[in-house]
Structures are given as C-alpha cells and as structure tokens.
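Peer 1: Okay, so here is run.csv, and as you'll see once you scroll down, it has CSV, C-alpha atoms.
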chain,number,residue,atom,x,y,z
Y,1,MET,CA,92.0,131.4,115.7
Y,2,GLY,CA,92.8,128.1,117.4
Y,3,LEU,CA,94.2,125.0,115.7
Y,4,LEU,CA,90.9,123.2,115.4
Y,5,ASP,CA,89.2,126.3,113.9
Y,6,ARG,CA,91.9,126.6,111.3
Y,7,ILE,CA,91.5,123.0,110.4
Y,8,LEU,CA,87.8,123.3,110.1
Y,9,ALA,CA,88.1,126.4,107.9
Y,10,HIS,CA,90.3,124.5,105.6
Y,11,LYS,CA,87.9,121.6,105.5
Y,12,ARG,CA,85.2,123.9,104.3
Y,13,ALA,CA,87.5,125.2,101.6
Y,14,GLU,CA,88.3,121.7,100.4
Y,15,LEU,CA,84.7,120.6,99.8
Y,16,GLN,CA,84.4,121.9,96.3
Y,17,GLU,CA,87.4,120.0,95.2
Y,18,LEU,CA,86.2,116.9,97.0
Y,19,ARG,CA,82.8,117.0,95.3
Y,20,ARG,CA,84.6,116.8,91.9
Y,21,LEU,CA,86.6,113.7,92.9
Y,22,PRO,CA,85.6,110.6,90.9
Y,23,LEU,CA,84.6,107.8,93.3
Y,24,PRO,CA,85.3,104.1,92.7
Y,25,GLU,CA,82.9,101.4,93.8
Y,26,PRO,CA,83.3,100.8,97.5
Y,27,PRO,CA,85.0,97.5,98.5
Y,28,GLU,CA,83.3,95.1,100.9
Y,29,ARG,CA,83.4,96.3,104.4
Y,30,ARG,CA,85.5,94.4,106.9
Y,31,ALA,CA,84.0,93.4,110.2
Y,32,LEU,CA,85.0,95.6,113.2
Y,33,ASP,CA,85.1,94.4,116.8
Y,34,LEU,CA,87.4,96.0,119.3
Y,35,ARG,CA,85.8,94.6,122.4
Y,36,ARG,CA,88.0,92.9,125.0
Y,37,HIS,CA,86.2,89.6,125.0
Y,38,PRO,CA,87.0,87.3,128.0
Y,39,ALA,CA,89.9,85.0,127.6
Y,40,ALA,CA,90.2,81.5,129.0
Y,41,GLY,CA,89.1,81.3,132.6
Y,42,GLY,CA,86.9,84.4,132.3
Y,43,ALA,CA,89.7,87.0,132.6
Y,44,ARG,CA,89.3,90.2,130.6
Y,45,GLY,CA,90.9,89.9,127.2
Y,46,PRO,CA,93.9,92.0,126.1
Y,47,LEU,CA,93.7,95.6,125.1
Y,48,GLN,CA,93.3,96.0,121.4
Y,49,LEU,CA,95.7,98.3,119.6
Y,50,ILE,CA,94.8,100.6,116.7
Y,51,ALA,CA,98.0,101.6,114.8
Y,52,GLU,CA,97.9,104.9,113.0
Y,53,ILE,CA,99.3,106.1,109.7
Y,54,LYS,CA,100.1,109.8,109.7
Y,55,ARG,CA,103.1,111.6,108.1
Y,56,ARG,CA,102.9,114.8,110.0
Y,57,SER,CA,101.1,116.3,113.0
Y,58,PRO,CA,100.7,119.8,114.5
Y,59,SER,CA,102.1,118.5,117.8
Y,60,ALA,CA,105.1,116.4,116.5
Y,61,GLY,CA,105.9,118.0,113.2
Y,62,GLN,CA,107.2,115.8,110.4
Y,63,LEU,CA,107.2,112.1,111.0
Y,64,SER,CA,108.7,109.2,109.2
Y,65,THR,CA,108.0,108.6,105.5
Y,66,ARG,CA,110.7,106.0,105.0
Y,67,LEU,CA,108.0,103.4,104.4
Y,68,SER,CA,105.2,103.9,101.9
Y,69,VAL,CA,101.6,103.8,103.2
Y,70,THR,CA,101.3,100.3,101.7
Y,71,GLU,CA,104.5,99.1,103.4
Y,72,ARG,CA,103.5,100.6,106.8
Y,73,ALA,CA,100.0,99.1,106.7
Y,74,ALA,CA,101.5,95.7,106.0
Y,75,SER,CA,104.0,96.1,108.8
Y,76,TYR,CA,101.3,97.0,111.3
Y,77,ALA,CA,99.2,94.0,110.2
Y,78,ARG,CA,102.1,91.6,110.6
Y,79,SER,CA,103.0,93.1,114.0
Y,80,GLY,CA,99.5,92.4,115.6
Y,81,ALA,CA,97.5,95.6,115.2
Y,82,SER,CA,93.7,95.1,115.5
Y,83,MET,CA,92.8,98.0,113.3
Y,84,LEU,CA,94.5,100.8,111.3
Y,85,SER,CA,93.7,104.5,111.6
Y,86,VAL,CA,94.6,106.4,108.4
Y,87,LEU,CA,94.9,110.2,108.5
Y,88,CYS,CA,93.1,111.7,105.4
Y,89,ASP,CA,93.8,115.4,106.0
Y,90,ARG,CA,96.3,116.8,103.5
Y,91,GLU,CA,97.0,120.3,104.8
Y,92,PHE,CA,97.9,119.6,108.4
Y,93,PHE,CA,98.8,115.9,108.4
Y,94,ASP,CA,100.2,115.1,104.9
Y,95,GLY,CA,97.4,112.5,104.5
Y,96,GLY,CA,94.9,111.8,101.8
Y,97,PHE,CA,91.9,109.6,101.0
Y,98,GLU,CA,94.1,107.7,98.6
Y,99,HIS,CA,96.0,106.5,101.6
Y,100,LEU,CA,92.9,104.5,102.6
Y,101,ARG,CA,93.0,102.7,99.2
Y,102,GLU,CA,96.8,102.0,99.6
Y,103,ALA,CA,96.3,100.6,103.1
Y,104,ARG,CA,93.3,98.5,102.0
Y,105,ALA,CA,95.5,97.0,99.2
Y,106,ALA,CA,98.1,96.0,101.8
Y,107,CYS,CA,96.0,94.2,104.5
Y,108,ASP,CA,92.6,92.9,105.6
Y,109,LEU,CA,92.4,94.9,108.9
Y,110,PRO,CA,89.5,97.2,109.4
Y,111,LEU,CA,90.3,100.8,108.4
Y,112,LEU,CA,89.3,104.0,110.2
Y,113,CYS,CA,89.1,107.1,108.1
Y,114,LYS,CA,90.5,109.7,110.5
Y,115,GLU,CA,89.3,113.0,109.2
Y,116,PHE,CA,87.6,116.2,110.4
Y,117,VAL,CA,84.2,115.4,109.0
Y,118,ILE,CA,81.8,118.2,108.4
Y,119,ASP,CA,80.0,117.1,105.3
Y,120,GLU,CA,78.3,114.0,103.8
Y,121,ARG,CA,80.7,114.1,100.8
Y,122,GLN,CA,83.6,113.2,103.1
Y,123,LEU,CA,81.7,110.1,104.2
Y,124,LEU,CA,81.0,109.1,100.6
Y,125,VAL,CA,84.7,109.5,99.7
Y,126,ALA,CA,85.8,107.6,102.8
Y,127,ARG,CA,83.6,104.6,102.0
Y,128,ALA,CA,84.6,104.6,98.3
Y,129,PHE,CA,88.3,104.5,99.1
Y,130,GLY,CA,88.0,101.6,101.6
Y,131,ALA,CA,87.1,102.9,105.0
Y,132,ASP,CA,85.2,100.6,107.3
Y,133,ALA,CA,84.7,103.2,110.0
Y,134,VAL,CA,84.8,107.0,110.0
Y,135,LEU,CA,85.8,109.4,112.8
Y,136,LEU,CA,83.1,111.8,113.9
Y,137,ILE,CA,84.4,114.4,116.3
Y,138,VAL,CA,81.6,115.8,118.5
Y,139,ARG,CA,83.5,119.1,119.1
Y,140,CYS,CA,83.6,119.8,115.3
Y,141,LEU,CA,79.8,119.7,114.9
Y,142,ASN,CA,76.6,121.1,116.4
Y,143,ARG,CA,74.0,118.6,117.7
Y,144,THR,CA,72.0,118.6,114.5
Y,145,GLU,CA,75.0,118.2,112.2
Y,146,PHE,CA,76.4,115.4,114.4
Y,147,GLY,CA,73.1,113.5,114.3
Y,148,GLN,CA,72.7,113.8,110.6
Y,149,LEU,CA,76.3,112.7,109.8
Y,150,PHE,CA,76.0,109.9,112.3
Y,151,GLU,CA,72.9,108.5,110.7
Y,152,ARG,CA,74.3,109.0,107.1
Y,153,ALA,CA,77.5,107.1,108.0
Y,154,ARG,CA,75.4,104.1,109.1
Y,155,GLU,CA,73.3,104.3,105.9
Y,156,LEU,CA,76.6,104.1,103.9
Y,157,ASP,CA,77.7,101.1,105.9
Y,158,LEU,CA,80.4,103.0,107.8
Y,159,VAL,CA,80.8,102.4,111.5
Y,160,PRO,CA,80.7,105.8,113.3
Y,161,PHE,CA,83.7,106.1,115.5
Y,162,VAL,CA,82.8,109.0,117.7
Y,163,GLU,CA,85.5,111.1,119.4
Y,164,VAL,CA,84.6,112.9,122.6
Y,165,ALA,CA,86.6,114.7,125.3
Y,166,THR,CA,84.1,115.5,128.0
Y,167,PRO,CA,81.1,113.8,129.7
Y,168,GLU,CA,78.8,116.3,128.0
Y,169,GLU,CA,80.1,115.3,124.6
Y,170,ALA,CA,79.9,111.7,125.5
Y,171,SER,CA,76.2,112.2,126.5
Y,172,LEU,CA,75.4,113.7,123.1
Y,173,ALA,CA,77.1,110.7,121.4
Y,174,LEU,CA,75.1,108.2,123.5
Y,175,ASP,CA,71.9,110.1,122.8
Y,176,CYS,CA,72.5,109.5,119.1
Y,177,GLY,CA,73.1,105.8,119.6
Y,178,ALA,CA,76.9,105.7,119.4
Y,179,THR,CA,78.4,102.3,120.5
Y,180,LEU,CA,82.0,103.0,119.5
Y,181,ILE,CA,83.4,105.9,121.4
Y,182,GLY,CA,87.0,107.2,121.6
Y,183,VAL,CA,88.0,109.6,124.4
Y,184,ASN,CA,90.8,111.9,123.3
Y,185,ALA,CA,93.4,112.6,126.0
Y,186,ARG,CA,94.8,115.4,123.8
Y,187,ASP,CA,93.2,118.9,123.8
Y,188,LEU,CA,92.6,119.7,120.1
Y,189,ASP,CA,93.5,123.4,120.6
Y,190,THR,CA,96.4,123.3,123.2
Y,191,LEU,CA,97.6,119.8,122.2
Y,192,ALA,CA,98.2,119.1,125.9
Y,193,ILE,CA,97.7,115.5,127.1
Y,194,ASP,CA,95.5,114.6,130.1
Y,195,ARG,CA,95.3,110.9,130.4
Y,196,GLU,CA,93.5,111.0,133.8
Y,197,ARG,CA,90.7,113.1,132.2
Y,198,ALA,CA,90.4,110.6,129.4
Y,199,ARG,CA,90.3,107.7,131.9
Y,200,ASP,CA,87.5,109.4,133.9
Y,201,VAL,CA,85.3,109.9,130.8
Y,202,LEU,CA,85.9,106.4,129.6
Y,203,GLY,CA,84.8,105.1,133.1
Y,204,ARG,CA,81.5,106.9,132.8
Y,205,LEU,CA,80.5,105.2,129.5
Y,206,PRO,CA,78.0,102.3,129.8
Y,207,ASP,CA,79.0,98.7,129.4
Y,208,HIS,CA,77.5,98.2,126.0
Y,209,VAL,CA,79.9,100.8,124.4
Y,210,THR,CA,83.2,99.9,123.0
Y,211,LYS,CA,85.6,102.3,124.6
Y,212,VAL,CA,88.8,103.6,123.0
Y,213,HIS,CA,91.6,105.7,124.6
Y,214,LEU,CA,93.0,108.2,122.0
Y,215,SER,CA,96.4,109.8,122.3
Y,216,GLY,CA,99.2,109.6,124.9
Y,217,VAL,CA,99.9,105.8,124.9
Y,218,THR,CA,103.6,105.6,123.9
Y,219,SER,CA,105.2,102.6,125.8
Y,220,ALA,CA,104.8,99.1,126.9
Y,221,ALA,CA,104.4,100.4,130.5
Y,222,ALA,CA,101.5,102.6,129.3
Y,223,VAL,CA,99.9,99.7,127.6
Y,224,ARG,CA,100.1,97.6,130.7
Y,225,GLU,CA,98.6,100.5,132.7
Y,226,MET,CA,95.7,100.7,130.2
Y,227,GLN,CA,95.0,97.0,130.8
Y,228,ASP,CA,93.5,98.1,134.2
Y,229,SER,CA,91.5,101.0,132.7
Y,230,PRO,CA,88.0,100.9,131.3
Y,231,ALA,CA,89.3,101.0,127.7
Y,232,ASP,CA,88.8,98.2,125.3
Y,233,ALA,CA,91.3,99.6,122.8
Y,234,ALA,CA,94.0,102.3,122.5
Y,235,LEU,CA,95.2,104.2,119.5
Y,236,ILE,CA,98.9,104.3,119.0
Y,237,GLY,CA,100.1,107.1,116.7
Y,238,GLU,CA,103.1,109.3,116.9
Y,239,VAL,CA,105.4,106.8,118.7
Y,240,LEU,CA,105.0,104.4,115.8
Y,241,MET,CA,105.3,107.1,113.1
Y,242,ARG,CA,108.6,108.2,114.5
Y,243,GLN,CA,110.0,104.8,113.6
Y,244,ASP,CA,111.3,104.1,110.1
Y,245,ASP,CA,110.5,100.4,110.8
Y,246,PRO,CA,107.7,100.2,113.5
Y,247,SER,CA,107.4,96.4,113.5
Y,248,GLU,CA,109.5,95.7,116.6
Y,249,LEU,CA,108.0,98.5,118.7
Y,250,LEU,CA,104.4,97.6,117.8
Y,251,ALA,CA,105.0,93.8,118.3
Y,252,GLY,CA,106.4,94.7,121.8
Y,253,LEU,CA,103.3,96.8,122.6
Y,254,VAL,CA,101.0,94.0,121.5
Y,255,ALA,CA,102.9,91.6,123.6
Y,256,ALA,CA,102.6,93.9,126.6
Y,257,ALA,CA,98.9,93.9,126.2
Y,258,ARG,CA,98.6,90.1,125.8
Y,259,ASN,CA,101.0,89.3,128.6
Y,260,SER,CA,99.6,91.7,131.2
Y,261,PRO,CA,97.8,90.0,134.2
The structure in this file should be written as structure tokens.

Peer 2:
Amino acid sequence: MGLLDRILAHKRAELQELRRLPLPEPPERRALDLRRHPAAGGARGPLQLIAEIKRRSPSAGQLSTRLSVTERAASYARSGASMLSVLCDREFFDGGFEHLREARAACDLPLLCKEFVIDERQLLVARAFGADAVLLIVRCLNRTEFGQLFERARELDLVPFVEVATPEEASLALDCGATLIGVNARDLDTLAIDRERARDVLGRLPDHVTKVHLSGVTSAAAVREMQDSPADAALIGEVLMRQDDPSELLAGLVAAARNSP
C-alpha cells in the first residue's frame, strides 16, 4: 500500500471521531486573493508566498516545534507571507484542526486547511475552526466525490483550493469550475520532486485561474526562477519548518520575489 493509500485509510477511520467533535461558530472569512496583479508600469506583480505550518512530514521526518503554532503564524505574518497553510492531519503530519484556531488567533492572513478531504464533515470542521480555504486533492477522490465536495465547500463559504498533478486532473478541476489550482511538484506516493512537470501543468491552465506551485521551492534563487513561471504564488513548507525562527529566511524569500525583475 502506497503512502497516499495509507493516509486515506486513516482518514476514513478518523471520521467517526470527527463527527463527535463539537463545532464552534465559524469566524468571519478573510478575503483571499493570490493573483499577481500588475505593479507600477504594468509589470507583473511579485510572486505571492504561502507559508506552511507542519510539524512533521513523511518526506522530511520531524520538523521544528520550537515555536508554537501561534508564534509561528505571527512570525510568518510579520515576515510578509500572503497566506498560511496549516496541516490538519494528526497521524502523518502532527497537525490538527485546533492549529487552525491557534493560527487564526495570531494573525489576519487567510488560512488554508491542508487536509486529505474525503468527507463533508472535514469541511464543516475546517470552516468552524477558522479556515478560509480548503485543500481538495483530485487524486484522493473520484469525479463524483470531487464535484460534490467542491460544491459543498463553496456552500460553506470555503474557497476550494484544488490540488492537481497532471493535465488530466487539471481538466477535471476546471470542468467543476475551479479558479484556484495548485500543481504539486511532489509525487504523493514516491515523494520525488519534479518542478518541470509542475511548471508544464501550470502553463496549461487558463488565464482566469489563480495558479500555485506546490512543493520544491526552497531558496531565494528558486523564488526568483518562479518569477518567470506561470505561477501566481508558491507554497513554502519544509524549508521554513526546519527553522526554529523562520522570520529571516521568509523575509528574504519575500524580498527575492519583490525585487526580481
């Protein structure tokens, strides 16, 4: 059984517990706009950076927990992140939905609930705990399931942040009306990174879609390279989570995006 299959099996086992979880009243949703709007003179605006909170990953193992979720969220906001991605999987990533609530208390940035969503209950919990957007991974769902969860997310005032890896998956997402699409450069089973494949899929997406590069951006040089790519935004994860204090590194990555020609 591959990694993704093991994760999804555990998600199914978690649902009963999740259905018993008391839900608070959802907070007001933050506006979300990751487009690279033209700067002065008509030049394309800077790449937007999504900073991630995850304490462990199958590819990197244990990551820094020196800062609390609240402290790290505040640090990311001060350092110029445009959005926060919060891992909510407990078994494989040491996350939790409560991390959304902690991050929401620390900053006003829009929050992405990064979870392996297979059921409406996960959407309800994500919204109640402060998410503004929710990750829907096409590979985790069949066409009917994806369409139903996509529409239910919008009904709950959650922005569907759709993850794809191939042109075929992107086509399915577009058929359902997705306008915020992330292309994962990491294979979810082998964990190998292929940035050229991701760039190719991003380049095939229509202009009205907000395009996000997921995984594999780890340096200022990579951010500057992404400036010339089709991406509007890039998610920065493990390289920040290896830092006990990520503020200097993230501020440098934001500067690289803003100062690139």

Peer 1: Identify which of the residues Y:Ser260, Y:Gln16, Y:Gln48, Y:Thr70 lies closest to Y:His213, counting all atoms listed in the file when measuring atom-to-atom distances.

Peer 2: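 Comparing Y:Ser260, Y:Gln16, Y:Gln48, Y:Thr70 against Y:His213, the winner is Y:Gln48.
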
Peer 1: (91.9, 125.0, 106.7) in this file's frame - what residues fall within 12 Å of it? Use only C-alpha atoms and give the answer as an MDAnalysis selection string.

Peer 2: chainID Y and resid 1:15 89:93 116

Peer 1: Just to confirm, what's the straight-line distance from atom CA of Y:Val125 to atom CA of Y:Val138 in Å (one decimal)?

Peer 2: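 Separation between atom CA of Y:Val125 and atom CA of Y:Val138: 20.1 Å.
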
Peer 1: Skipping near chain neighbours, those fewer than 5 positions away, what residues fall within 10 Å of Y:Thr65 using all atoms listed in the file, listed as a list in words?

Peer 2: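 Near neighbours after the sequence-gap exclusion: Ile53, Lys54, Arg55, Arg56, Arg72, Met241, Arg242, Gln243 and Asp244 of chain Y.
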
Peer 1: To one decimal in Å, tell me the separation between atom CA of Y:Cys140 and atom CA of Y:Asp232.

Peer 2: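 Interatomic distance here is 24.4 Å.
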
Peer 1: Please, what is the axis-aligned box for every listed atom of stretch 74-79 of chain Y with 5 Å on each side, as centre and edge lengths in Å to one decimal, as JSON?

Peer 2:
{"center_x": 101.6, "center_y": 94.3, "center_z": 110.0, "size_x": 14.8, "size_y": 15.4, "size_z": 18.0}

Peer 1: What does the distance from atom CA of Y:Ala233 to atom CA of Y:Ile50 come to in Å, to one decimal?

Peer 2: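 These two atoms are separated by 7.1 Å.
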
Peer 1: Hey, can you pull every residue with an atom no more than 9 Å from (83.8, 96.6, 114.5), using all atoms listed in the file, and send it as a PyMOL selection string?

Peer 2: chain Y and resi 30-35+110+132-133+159+180

Peer 1: Would you mind listing what lies within 10 Å of Y:Phe97 as a count of residues only, with all atoms listed in the file counted and same-chain residues fewer than 3 positions away left out?

Peer 2: 19
